[in-house]
Structures are given as structure tokens and as C-alpha cells.
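Below is input.txt, which holds compact mmCIF, C-alpha atoms and all ligand atoms.
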# COMPACT_ATOMS: atom_id res chain seq x y z
CA MET A 1 113.95 53.01 -46.95
CA LEU A 2 117.23 51.19 -47.70
CA PHE A 3 115.66 47.89 -46.63
CA ARG A 4 112.73 48.51 -48.93
CA THR A 5 114.96 49.32 -51.88
CA LEU A 6 117.05 46.18 -51.34
CA ILE A 7 114.04 43.86 -51.04
CA LEU A 8 112.25 45.34 -54.05
CA GLN A 9 115.41 45.08 -56.16
CA ALA A 10 116.16 41.52 -55.01
CA SER A 11 112.58 40.38 -55.57
CA ALA A 12 112.78 41.52 -59.22
CA LEU A 13 115.67 39.10 -59.95
CA PRO A 14 114.39 36.21 -62.10
CA PHE A 15 115.87 33.41 -59.95
CA VAL A 16 114.41 34.92 -56.75
CA LYS A 17 111.01 35.24 -58.45
CA ARG A 18 111.08 31.63 -59.58
CA PHE A 19 112.19 30.31 -56.21
CA VAL A 20 109.57 32.20 -54.20
CA ARG A 21 106.76 31.42 -56.66
CA GLU A 22 107.52 27.73 -56.96
CA SER A 23 108.68 26.76 -53.49
CA ARG A 24 105.94 25.42 -51.22
CA LEU A 25 107.93 26.73 -48.26
CA PHE A 26 106.59 30.24 -48.87
CA ARG A 27 102.91 29.25 -49.02
CA PRO A 28 102.08 29.87 -45.33
CA ILE A 29 103.46 33.42 -45.37
CA VAL A 30 101.87 34.14 -48.75
CA ARG A 31 98.53 33.07 -47.27
CA ARG A 32 99.00 35.56 -44.46
CA PHE A 33 98.72 38.46 -46.94
CA ILE A 34 96.62 36.93 -49.74
CA ALA A 35 93.15 35.46 -49.26
CA GLY A 36 93.68 32.65 -51.77
CA GLU A 37 93.86 32.06 -55.49
CA THR A 38 90.17 31.87 -56.43
CA LEU A 39 87.10 34.10 -56.30
CA ASP A 40 85.54 31.59 -53.89
CA ASP A 41 88.50 32.10 -51.54
CA ALA A 42 88.09 35.87 -51.74
CA MET A 43 84.29 35.75 -51.22
CA SER A 44 84.70 33.47 -48.24
CA ALA A 45 87.22 35.88 -46.63
CA ALA A 46 84.88 38.78 -47.49
CA THR A 47 81.84 37.08 -45.93
CA SER A 48 83.65 36.41 -42.65
CA LEU A 49 84.98 39.96 -42.43
CA VAL A 50 81.59 41.52 -43.26
CA ASP A 51 79.99 39.27 -40.62
CA GLU A 52 82.41 40.82 -38.14
CA GLY A 53 81.34 44.33 -39.16
CA PHE A 54 84.08 45.26 -41.65
CA ARG A 55 83.61 46.56 -45.19
CA VAL A 56 85.84 44.99 -47.85
CA SER A 57 87.42 45.75 -51.20
CA LEU A 58 88.28 42.82 -53.49
CA ASP A 59 91.49 43.06 -55.48
CA LEU A 60 92.00 40.43 -58.17
CA LEU A 61 95.78 40.45 -58.35
CA GLY A 62 97.48 41.09 -61.68
CA GLU A 63 99.22 44.07 -63.21
CA ASN A 64 101.11 45.14 -66.33
CA VAL A 65 99.51 42.67 -68.73
CA ALA A 66 101.51 42.13 -71.92
CA THR A 67 98.77 41.84 -74.57
CA LEU A 68 95.31 43.12 -75.47
CA GLU A 69 93.93 39.61 -74.95
CA GLU A 70 95.24 39.54 -71.39
CA ALA A 71 93.69 42.96 -70.73
CA HIS A 72 90.31 41.70 -71.98
CA ALA A 73 90.68 38.51 -69.92
CA ALA A 74 91.38 40.56 -66.77
CA THR A 75 88.32 42.72 -67.50
CA ALA A 76 86.18 39.60 -67.99
CA ALA A 77 87.47 38.18 -64.72
CA TYR A 78 86.49 41.40 -62.96
CA GLN A 79 83.04 41.20 -64.55
CA GLN A 80 82.63 37.85 -62.82
CA VAL A 81 83.63 39.44 -59.52
CA LEU A 82 81.01 42.16 -60.04
CA ASP A 83 78.37 39.51 -60.82
CA ARG A 84 79.19 37.68 -57.60
CA ILE A 85 78.99 40.90 -55.60
CA ALA A 86 75.65 41.81 -57.24
CA GLY A 87 74.23 38.45 -56.12
CA SER A 88 75.51 38.73 -52.55
CA PRO A 89 73.24 39.80 -49.69
CA GLN A 90 76.28 41.69 -48.35
CA ARG A 91 76.80 43.69 -51.57
CA GLU A 92 76.55 47.09 -49.88
CA MET A 93 79.68 46.31 -47.87
CA ILE A 94 81.76 45.02 -50.80
CA ASN A 95 83.50 46.97 -53.53
CA ILE A 96 86.43 46.37 -55.87
CA SER A 97 89.88 47.81 -56.48
CA ILE A 98 91.38 47.53 -59.95
CA LYS A 99 94.73 48.35 -61.53
CA LEU A 100 94.65 50.14 -64.88
CA THR A 101 97.77 48.25 -66.03
CA ALA A 102 95.76 45.03 -65.60
CA LEU A 103 93.10 46.51 -67.90
CA GLY A 104 95.65 47.40 -70.60
CA LEU A 105 97.27 50.75 -69.72
CA ASP A 106 100.57 49.58 -71.26
CA GLN A 107 98.64 48.81 -74.46
CA GLY A 108 97.24 52.37 -74.57
CA ASP A 109 95.15 54.77 -72.46
CA GLU A 110 92.13 54.15 -74.68
CA VAL A 111 92.34 50.37 -74.08
CA ALA A 112 92.42 50.69 -70.29
CA GLU A 113 89.76 53.40 -70.30
CA ALA A 114 87.34 51.36 -72.42
CA ASN A 115 87.72 48.31 -70.17
CA TYR A 116 87.37 50.47 -67.06
CA ARG A 117 84.17 52.02 -68.44
CA ASP A 118 82.74 48.55 -69.16
CA LEU A 119 83.34 47.56 -65.56
CA LEU A 120 81.81 50.78 -64.25
CA GLN A 121 78.74 50.25 -66.40
CA SER A 122 78.17 46.82 -64.81
CA ALA A 123 79.11 48.01 -61.34
CA SER A 124 76.66 50.91 -61.46
CA LYS A 125 73.75 48.45 -61.89
CA SER A 126 74.41 46.97 -58.44
CA GLY A 127 75.62 50.26 -56.94
CA THR A 128 79.15 48.89 -56.54
CA PHE A 129 82.05 51.30 -56.14
CA VAL A 130 85.21 50.69 -58.23
CA ARG A 131 88.51 52.22 -57.17
CA ALA A 132 91.51 52.55 -59.45
CA ASP A 133 94.60 51.72 -57.37
CA MET A 134 97.64 53.92 -57.94
CA GLU A 135 100.68 52.21 -59.43
CA ALA A 136 104.28 53.32 -60.11
CA SER A 137 104.88 57.03 -60.82
CA GLU A 138 105.16 56.55 -64.58
CA TYR A 139 101.38 55.90 -64.52
CA THR A 140 100.26 58.60 -62.05
CA ALA A 141 99.37 61.40 -64.48
CA ARG A 142 97.57 59.04 -66.87
CA THR A 143 95.65 57.37 -64.04
CA VAL A 144 94.49 60.70 -62.61
CA GLU A 145 93.41 61.90 -66.07
CA ILE A 146 91.53 58.70 -66.92
CA VAL A 147 89.75 58.66 -63.55
CA GLU A 148 88.75 62.31 -63.99
CA ARG A 149 87.36 61.59 -67.45
CA VAL A 150 85.34 58.50 -66.51
CA HIS A 151 84.09 60.10 -63.30
CA ARG A 152 82.16 62.58 -65.43
CA SER A 153 79.98 59.65 -66.58
CA PHE A 154 80.25 57.37 -63.53
CA ALA A 155 80.08 58.71 -59.98
CA ASN A 156 80.82 55.22 -58.59
CA THR A 157 84.57 55.53 -59.01
CA GLY A 158 87.59 57.10 -57.36
CA THR A 159 91.31 56.58 -57.04
CA VAL A 160 94.35 56.60 -54.77
CA LEU A 161 97.04 59.21 -54.12
CA GLN A 162 100.47 58.48 -52.68
CA SER A 163 101.97 60.88 -50.13
CA TYR A 164 105.56 59.99 -51.10
CA LEU A 165 105.19 61.73 -54.50
CA TYR A 166 106.07 65.43 -54.70
CA ARG A 167 103.20 65.97 -57.14
CA THR A 168 100.46 64.74 -54.80
CA ASP A 169 99.48 68.10 -53.25
CA GLY A 170 98.45 69.26 -56.73
CA ASP A 171 96.58 66.05 -57.57
CA LEU A 172 94.80 66.19 -54.23
CA GLU A 173 93.42 69.67 -54.89
CA ARG A 174 92.40 68.63 -58.39
CA LEU A 175 90.49 65.54 -57.23
CA ILE A 176 88.86 67.36 -54.31
CA ALA A 177 87.65 70.06 -56.72
CA ALA A 178 86.21 67.39 -59.03
CA GLY A 179 84.38 65.67 -56.11
CA ILE A 180 86.29 62.43 -56.66
CA ARG A 181 86.79 60.01 -53.79
CA VAL A 182 90.45 59.61 -52.78
CA ARG A 183 92.18 56.88 -50.82
CA ILE A 184 95.36 58.34 -49.35
CA VAL A 185 98.34 55.98 -48.91
CA LYS A 186 102.05 56.46 -48.29
CA GLY A 187 103.06 54.69 -51.53
CA ALA A 188 104.47 51.21 -52.11
CA TYR A 189 106.71 51.36 -55.22
CA LEU A 190 110.41 51.92 -55.64
CA GLU A 191 110.65 55.58 -56.71
CA PRO A 192 113.72 57.76 -57.40
CA PRO A 193 114.39 60.92 -55.33
CA GLU A 194 113.52 63.03 -58.39
CA VAL A 195 109.84 62.16 -57.93
CA ALA A 196 109.38 60.99 -54.33
CA PHE A 197 110.54 61.93 -50.82
CA PRO A 198 113.42 59.57 -49.94
CA GLU A 199 112.98 60.04 -46.17
CA LYS A 200 110.20 58.20 -44.32
CA ALA A 201 109.76 61.12 -41.88
CA ASP A 202 108.89 63.43 -44.79
CA VAL A 203 106.41 60.91 -46.20
CA ASP A 204 104.75 60.50 -42.79
CA ALA A 205 104.46 64.28 -42.33
CA LYS A 206 102.94 64.71 -45.81
CA TYR A 207 100.55 61.83 -45.19
CA LEU A 208 99.21 63.44 -42.03
CA GLU A 209 98.82 66.83 -43.72
CA GLN A 210 97.05 65.36 -46.76
CA ALA A 211 94.81 63.07 -44.69
CA LYS A 212 93.67 66.11 -42.68
CA LYS A 213 92.91 68.07 -45.86
CA LEU A 214 90.83 65.18 -47.14
CA LEU A 215 88.98 64.81 -43.86
CA LEU A 216 88.07 68.49 -43.90
CA ARG A 217 87.36 68.99 -47.60
CA GLY A 218 87.42 65.62 -49.36
CA HIS A 219 84.55 63.54 -50.67
CA TYR A 220 84.16 60.45 -48.42
CA PRO A 221 87.94 59.90 -48.16
CA ALA A 222 89.67 56.65 -47.29
CA ILE A 223 92.50 56.88 -44.79
CA ALA A 224 94.56 53.80 -45.68
CA SER A 225 97.43 52.87 -43.38
CA GLN A 226 98.59 50.41 -40.77
CA ASP A 227 100.64 53.07 -38.99
CA GLU A 228 99.21 53.16 -35.48
CA LEU A 229 100.94 56.40 -34.45
CA LEU A 230 99.57 58.19 -37.50
CA ILE A 231 96.13 56.70 -37.02
CA ASN A 232 96.13 57.88 -33.39
CA ARG A 233 96.96 61.41 -34.53
CA ILE A 234 94.17 61.23 -37.11
CA LEU A 235 91.73 60.04 -34.45
CA ASP A 236 92.70 63.03 -32.26
CA PHE A 237 92.11 65.35 -35.23
CA VAL A 238 88.75 63.77 -36.09
CA GLU A 239 87.58 64.12 -32.50
CA ALA A 240 88.87 67.68 -32.08
CA ARG A 241 87.16 68.79 -35.30
CA GLY A 242 83.95 66.87 -34.61
CA ILE A 243 84.15 65.00 -37.93
CA GLU A 244 81.37 62.44 -38.05
CA LYS A 245 82.31 58.76 -38.25
CA ASP A 246 80.27 58.15 -41.40
CA ARG A 247 82.04 60.90 -43.41
CA PHE A 248 85.13 58.76 -44.11
CA GLU A 249 86.55 55.28 -43.68
CA PHE A 250 89.78 53.72 -42.53
CA GLN A 251 91.21 51.12 -44.88
CA MET A 252 93.74 48.43 -44.02
CA LEU A 253 95.32 45.50 -45.80
CA TYR A 254 94.16 41.93 -45.31
CA GLY A 255 96.21 40.13 -42.66
CA ILE A 256 98.10 43.19 -41.38
CA ARG A 257 97.55 44.64 -37.89
CA ARG A 258 94.30 42.79 -37.26
CA ASP A 259 94.40 44.08 -33.67
CA LEU A 260 94.28 47.66 -34.93
CA GLN A 261 91.53 46.83 -37.43
CA HIS A 262 89.39 45.52 -34.55
CA ARG A 263 90.24 48.43 -32.28
CA LEU A 264 88.98 50.94 -34.85
CA LEU A 265 85.86 48.91 -35.55
CA ALA A 266 85.08 48.59 -31.84
CA ALA A 267 85.44 52.38 -31.49
CA GLY A 268 82.62 52.76 -34.04
CA TYR A 269 84.69 53.73 -37.10
CA ARG A 270 84.11 52.37 -40.58
CA VAL A 271 86.96 50.03 -41.51
CA ARG A 272 87.40 48.50 -44.95
CA ILE A 273 89.76 45.57 -45.46
CA TYR A 274 91.52 45.34 -48.82
CA ILE A 275 91.42 41.66 -49.85
CA PRO A 276 93.94 40.64 -52.51
CA TYR A 277 93.53 37.27 -54.17
CA GLY A 278 94.47 35.45 -57.36
CA GLU A 279 97.32 33.55 -58.92
CA ALA A 280 99.39 36.61 -59.83
CA TRP A 281 100.33 37.36 -56.21
CA TYR A 282 104.09 37.80 -56.54
CA PRO A 283 104.45 41.62 -57.08
CA TYR A 284 101.92 42.40 -54.31
CA PHE A 285 103.65 39.96 -51.97
CA SER A 286 107.09 41.53 -52.65
CA ARG A 287 105.77 45.01 -51.84
CA ARG A 288 104.38 43.77 -48.51
CA LEU A 289 107.66 42.05 -47.58
CA ALA A 290 109.61 45.20 -48.37
CA GLU A 291 107.50 47.27 -45.98
CA ARG A 292 108.74 45.65 -42.83
CA PRO A 293 112.04 43.92 -41.92
CA ALA A 294 110.15 41.76 -39.41
CA ASN A 295 108.33 40.06 -42.31
CA LEU A 296 111.61 38.77 -43.63
CA LEU A 297 112.62 37.53 -40.17
CA PHE A 298 109.27 35.77 -39.95
CA ILE A 299 109.95 34.02 -43.26
CA THR A 300 113.51 33.10 -42.31
CA ARG A 301 112.26 31.63 -39.03
CA SER A 302 109.51 29.60 -40.69
CA LEU A 303 111.94 28.29 -43.34
CA LEU A 304 114.47 27.26 -40.68
CA HIS A 305 111.80 25.42 -38.70
CA LYS A 306 110.49 23.39 -41.63
P1 LIG B 401 104.35 52.10 -42.62
O1 LIG B 401 104.92 51.39 -43.81
O2 LIG B 401 105.12 53.22 -42.01
O3 LIG B 401 104.02 51.00 -41.53
C1 LIG B 401 103.57 51.35 -40.24
C2 LIG B 401 103.39 50.08 -39.43
O4 LIG B 401 102.35 49.29 -40.02
C3 LIG B 401 104.58 49.15 -39.41
O5 LIG B 401 105.49 49.51 -38.41
C4 LIG B 401 103.92 47.83 -39.13
O6 LIG B 401 103.54 47.72 -37.78
C5 LIG B 401 102.66 47.92 -39.95
N1 LIG B 401 102.87 47.41 -41.31
C6 LIG B 401 102.92 48.15 -42.43
N2 LIG B 401 103.09 47.36 -43.51
C7 LIG B 401 103.21 46.11 -43.03
C8 LIG B 401 103.41 44.85 -43.65
N3 LIG B 401 103.55 44.72 -44.96
N4 LIG B 401 103.47 43.76 -42.85
C9 LIG B 401 103.31 43.86 -41.52
N5 LIG B 401 103.11 45.03 -40.88
C10 LIG B 401 103.06 46.14 -41.62
N6 LIG B 401 100.07 51.74 -52.20
C11 LIG B 401 100.16 52.21 -53.48
O7 LIG B 401 101.22 52.63 -53.90
N7 LIG B 401 99.03 52.20 -54.27
C12 LIG B 401 97.81 51.77 -53.83
O8 LIG B 401 96.84 51.81 -54.59
C13 LIG B 401 97.73 51.28 -52.50
N8 LIG B 401 96.55 50.82 -51.98
C14 LIG B 401 96.46 50.50 -50.65
C15 LIG B 401 95.24 50.17 -50.08
C16 LIG B 401 95.14 49.99 -48.70
C17 LIG B 401 93.80 49.66 -48.11
C18 LIG B 401 96.29 50.11 -47.88
C19 LIG B 401 96.21 49.97 -46.38
C20 LIG B 401 97.51 50.38 -48.44
C21 LIG B 401 97.62 50.55 -49.83
N9 LIG B 401 98.85 50.83 -50.40
C22 LIG B 401 98.90 51.27 -51.71
C23 LIG B 401 100.11 50.55 -49.66
C24 LIG B 401 100.67 51.78 -48.98
O9 LIG B 401 101.18 52.68 -49.94
C25 LIG B 401 101.80 51.41 -48.01
O10 LIG B 401 102.84 50.82 -48.73
C26 LIG B 401 101.39 50.45 -46.91
O11 LIG B 401 100.12 50.73 -46.42
C27 LIG B 401 102.38 50.56 -45.73
O12 LIG B 401 102.36 51.85 -45.21
P2 LIG B 401 101.70 52.23 -43.79
O13 LIG B 401 100.87 53.45 -43.99
O14 LIG B 401 100.98 51.08 -43.23
O15 LIG B 401 102.91 52.72 -42.92
Re-express the file's structure as C-alpha cells.
Ligand code: FDA
Amino acid sequence: MLFRTLILQASALPFVKRFVRESRLFRPIVRRFIAGETLDDAMSAATSLVDEGFRVSLDLLGENVATLEEAHAATAAYQQVLDRIAGSPQREMINISIKLTALGLDQGDEVAEANYRDLLQSASKSGTFVRADMEASEYTARTVEIVERVHRSFANTGTVLQSYLYRTDGDLERLIAAGIRVRIVKGAYLEPPEVAFPEKADVDAKYLEQAKKLLLRGHYPAIASQDELLINRILDFVEARGIEKDRFEFQMLYGIRRDLQHRLLAAGYRVRIYIPYGEAWYPYFSRRLAERPANLLFITRSLLHK
């Protein structure tokens, strides 16, 4: 946890941001986590993964836009993604993940909700599912409320809950009761101990407990993690309880633990790969670096060998 805090704090410093964004030295490691900068890049990664048997979720990177115009531009860009999916022969295997702060949550709940509804309207024509990612804890309550409201008109949406937040048990019950699809994750943001478990062991224990609840009572849940030990325990649970393989899916991030992604697929489970792409890759990239000290070693090694 200390490593994560240090990396997330350092990556927010303006000179670090500028250096990482502008230096070509970082490009190879950025490309390990991000499919590219354009929709073509993302569709090409999606096509290859679907050909291998995976499902995918496209995430056009960008968050916390500063103006209404930017929120509308992000919504328009997502409309283009939906059009491309609608025209793809693989459309049943492709969905999208959005961030409400990209659609204008900082400009007002009503702004983000209106843009979100527009996207859902288009997505429902091609039967595409749209998931609202969960962002920092200052947005959790508003995200849950907005998703609940729009879900009354559009069944093709769901959201994400983070096991590191103390409030998640309550949100989980609320979303299960409303029949809303939940992706359960550990949580990727820097949160204070007033709102989130500071110890990784507590987060892992909560994750397992909440994943099991979702598998038993949730509505087509997504178990999203790269944690092999946890996934093994979930597989034991699924087998012991006789939970059918088409009642849920595993989700994993593009470029991380590809061996595990293939192992689950080969065992007959549904596996969806979350494909981030776009020019605004820096915040996503920082969160991935902060998750694992080895990523920083990898970067240091590749910089030294240039
Ligand atoms: P953990 O961090 O304990 O890692 C377990 C093991 O996985 C590591 O030991 C390593 O082997 C591997 N691993 C994990 N991260 C790695 C990395 N970056 N590089 C290399 N190896 C790595 N979060 C959030 O707050 N809101 C959201 O909406 C989402 N959405 C989302 C979608 C999907 C499909 C996934 C898989 C994850 C998210 N997350 C997220 C991120 C999530 O909260 C969490 O930060 C990461 O998944 C890392 O946690 P793990 O469960 O993998 O365990």
C-alpha cells in the first residue's frame, strides 16, 4: 500500500507528468497496458482477442473533463465507438466502459446523466452493454444513484463496486436488489483510511466475500481481478456450489497476466478483456504502475538498456 501511495503521489507532480507523457522512452511500456491511441487500434486489438475466444470491453481513456464542450466531445467520441461496434460482426462480444467524469460529472450530475442516457439510447439499438466504471470515492454515491436512475429506463447498463471502500457492502445489496449488473474490483485510487481499508489483506478478504455474494445472488456479475490466488479460491467456490459458467464472467485488464487469461478461457470460463485506448492515457497508466513494484523495475530496466 505504501508503494502505491508513493507512486500515485509522485505521478501527480507536474514535472513527472510532463516527462512521462513526452518522453519516447516510456512508449514501449505504455503500449503494454494501452492498445493504442485510436479507435482503429482498439478495434484491431478487440478483433484479435475475440478471434481467440475472449469478450472485450472498450475504454476510451479520459476522465475529469474541465468543460461542457469537452464532456460533449467525449460523448460524441463514444457514439463513434458504438457505431463501430454496431457495424462489427463480432458485436455480441464487444461492449464499452465509460467514466461519468468524462461525460461531465464535474459539470453537474444532470450533464453526465444526459450524456450517459444518449449513449445508452444508441447502445440499446445494437444490444450493446455500457458499464459505468467506478472512480474516486468522492464520486461513488453519485455514480451509484445515476446508474440506478438510468437503469430504470435502460437495462443495458451496470456499474462497478470497489471492495476497498467501507460503504461497498451496502451498495452491493442495493444494486443486487435493483437487478443491476456489478463488476467487483479491489479499487485503484488513492483513498484515505476514513473511507477505505488501508490494509491489503482486509481488501482481499472483502473482495472474496463480496464476489461470493455476487456469484450466489448477483445479476450476471463480473469478477474483475488479476489476483491468481483469489481467482483460484473463486474457482473452488464456483465448482463447489455448481454455479454454471455462463452465469458470470471473469474480467481482466489488457496486457496483464495473459497466461491467466488463457488458462481461464481454456477451462471454459467467459473472460472479458478490458481494452483501454486513447490519447489521455496518463492517469490510467499511473494507476497500473502503482499496482505492482515490478512494473517500475521493468521500466527502470528498459530505460537503462536504451
Ligand atoms: P492485486 O493488485 O492484489 O494484484 C494481484 C496480482 O495481479 C499481482 O501480484 C500481479 O501478479 C497482478 N497484477 C495486478 N495488477 C497488475 C499490474 N498493473 N501490472 C502487472 N501485474 C499486475 N478499479 C477501479 O477503481 N474502478 C474501476 O472501474 C475498475 N475497473 C476495472 C476493470 C477490470 C476489468 C479490472 C481487471 C480491474 C479494474 N479496476 C478498477 C482495477 C482494480 O481496482 C485493481 O486496481 C486492479 O485490478 C489490481 O487488483 P487485482 O485484483 O488484480 O489484485
Return as a ChimeraX atom specification the residues of protein, DNA or RNA that approach ligand LIG 401 (chain B) to within 6 Å, with only C-alpha atoms and all ligand atoms taken into account. /A:133-135,160,185-189,224-227,251-253,256,274,288-289,291-292
Pick out the closest residue to Trp281 in chain A from this set: A:Glu52, A:Lys200, A:Val16, A:Gly62. Count all atoms listed in the file.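 Using all atoms listed in the file, Trp281 in chain A sits closest to A:Gly62.
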Within 10 Å of file point (93.8, 42.8, -39.6), counting all atoms listed in the file, expressed as a ChimeraX atom specification: /A:33,49,226,252-263,273-274
Calculate how many Å separate CA of Ala10 in chain A from CA of Leu296 in chain A, rounding to one decimal. 12.6 Å
Show me as JSON, numbers by chain the residues that reach within 12 Å of (95.9, 68.9, -54.9), counting only C-alpha atoms and using the file's own coordinates. {"A": [144, 161, 162, 163, 165, 166, 167, 168, 169, 170, 171, 172, 173, 174, 175, 176, 177, 178, 180, 182, 184, 209, 210, 211, 213, 214, 217, 218]}
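With distances restricted to only C-alpha atoms, A:Glu92 is the closest residue to Thr47 in chain A from A:Glu92, A:Asp202, A:Glu194, A:Glu228.
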Give me, as a PyMOL selection string, all polymer residues having an atom no more than 12 Å from Asp41 in chain A, counting only C-alpha atoms and skipping those fewer than 4 positions away in the same chain. chain A and resi 31+34-37+45-48+58+60+81+275-279
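Reported to one decimal place, the separation of CA of Glu148 in chain A from CA of Val65 in chain A is 22.9 Å.
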How big is the axis-aligned box around the listed atoms of range 139-148 of chain A once 6 Å is added on each side, and where is its centre? Give both in Å to one decimal, as lines of an AutoDock Vina configuration file.
center_x = 95.1
center_y = 59.1
center_z = -64.5
size_x = 24.6
size_y = 18.4
size_z = 16.9
Within 12 Å of Leu215 in chain A, counting all atoms listed in the file, which residues show up once you throw out same-chain ones fewer than 6 positions away? Write them as a ChimeraX atom specification, please. /A:172,176,181-184,208-209,221-223,234-235,237-239,241-250
Leaving out Ala76 in chain A and any residue of its chain fewer than 6 positions from it, which residues lie within 12 Å of it when counting all atoms listed in the file, given as a VMD selection string? chain A and resid 60 69 to 70 82 to 83 102 to 103 115 to 116 118 to 119 122
Grab the CA of Ile98 in chain A to CA of Ala132 in chain A distance for me, in Å with one decimal place.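 The value is 5.0 Å.
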Between A:Leu13, A:Leu68, A:Leu25, A:Met43, which residue has the minimum interatomic distance to Arg91 in chain A, considering all atoms listed in the file? A:Met43
Using all atoms listed in the file, determine which residues lie at most 12 Å from Glu110 in chain A, disregarding the query and same-chain residues fewer than 5 positions distant; provide the list as a list in words.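 In the requested form, the answer reads Leu68, Ala71, Leu100, Thr101, Leu103, Gly104, Leu105, Asn115, Tyr116, Arg117, Arg142, Thr143, Glu145, Ile146, Arg149 and Val150 of chain A.
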My list of candidates is A:His151, A:Ala86, A:Ser97, A:Arg287. Which is closest to Gly127 in chain A when distances are computed with only C-alpha atoms?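 Closest candidate: A:Ala86.
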If we count all atoms listed in the file, what is near Ala136 in chain A at a cut-off of 8 Å, once residues fewer than 4 positions away on the same chain are taken out, given as an mmCIF file with C-alpha atoms, in the frame of the given file?
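Printed below is result_19.cif as written:
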data_model
loop_
_atom_site.group_PDB
_atom_site.id
_atom_site.type_symbol
_atom_site.label_atom_id
_atom_site.label_comp_id
_atom_site.auth_asym_id
_atom_site.auth_seq_id
_atom_site.Cartn_x
_atom_site.Cartn_y
_atom_site.Cartn_z
ATOM 1 C CA THR A 140 100.260 58.600 -62.050
ATOM 2 C CA TYR A 189 106.710 51.360 -55.220
ATOM 3 C CA LEU A 190 110.410 51.920 -55.640
ATOM 4 C CA GLU A 191 110.650 55.580 -56.710
#
Could range 122-137 of chain A be completed with N, CA and C atoms and returned as a CSV table (one decimal), in the coordinates of the input?
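Output contents, as saved in selection38.csv:
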chain,number,residue,atom,x,y,z
A,122,SER,N,78.7,48.0,-65.5
A,122,SER,CA,78.2,46.8,-64.8
A,122,SER,C,78.0,47.1,-63.3
A,123,ALA,N,79.1,47.8,-62.8
A,123,ALA,CA,79.1,48.0,-61.3
A,123,ALA,C,78.0,49.0,-61.0
A,124,SER,N,77.7,49.9,-61.8
A,124,SER,CA,76.7,50.9,-61.5
A,124,SER,C,75.3,50.3,-61.3
A,125,LYS,N,75.1,49.1,-62.0
A,125,LYS,CA,73.8,48.4,-61.9
A,125,LYS,C,73.5,47.9,-60.5
A,126,SER,N,74.6,47.5,-59.8
A,126,SER,CA,74.4,47.0,-58.4
A,126,SER,C,74.9,48.0,-57.4
A,127,GLY,N,75.2,49.2,-57.9
A,127,GLY,CA,75.6,50.3,-56.9
A,127,GLY,C,77.0,50.0,-56.3
A,128,THR,N,77.8,49.2,-57.1
A,128,THR,CA,79.2,48.9,-56.5
A,128,THR,C,80.2,50.0,-56.9
A,129,PHE,N,81.0,50.3,-55.9
A,129,PHE,CA,82.0,51.3,-56.1
A,129,PHE,C,83.3,50.6,-56.7
A,130,VAL,N,84.0,51.3,-57.6
A,130,VAL,CA,85.2,50.7,-58.2
A,130,VAL,C,86.3,51.7,-58.1
A,131,ARG,N,87.4,51.3,-57.4
A,131,ARG,CA,88.5,52.2,-57.2
A,131,ARG,C,89.7,51.8,-58.0
A,132,ALA,N,90.3,52.8,-58.7
A,132,ALA,CA,91.5,52.6,-59.4
A,132,ALA,C,92.7,52.7,-58.5
A,133,ASP,N,93.4,51.6,-58.2
A,133,ASP,CA,94.6,51.7,-57.4
A,133,ASP,C,95.6,52.6,-58.1
A,134,MET,N,96.6,53.1,-57.3
A,134,MET,CA,97.6,53.9,-57.9
A,134,MET,C,98.9,53.1,-58.0
A,135,GLU,N,99.5,53.1,-59.2
A,135,GLU,CA,100.7,52.2,-59.4
A,135,GLU,C,101.9,53.1,-59.5
A,136,ALA,N,103.0,52.6,-60.1
A,136,ALA,CA,104.3,53.3,-60.1
A,136,ALA,C,104.1,54.7,-60.8
A,137,SER,N,105.1,55.6,-60.5
A,137,SER,CA,104.9,57.0,-60.8
A,137,SER,C,104.8,57.3,-62.3
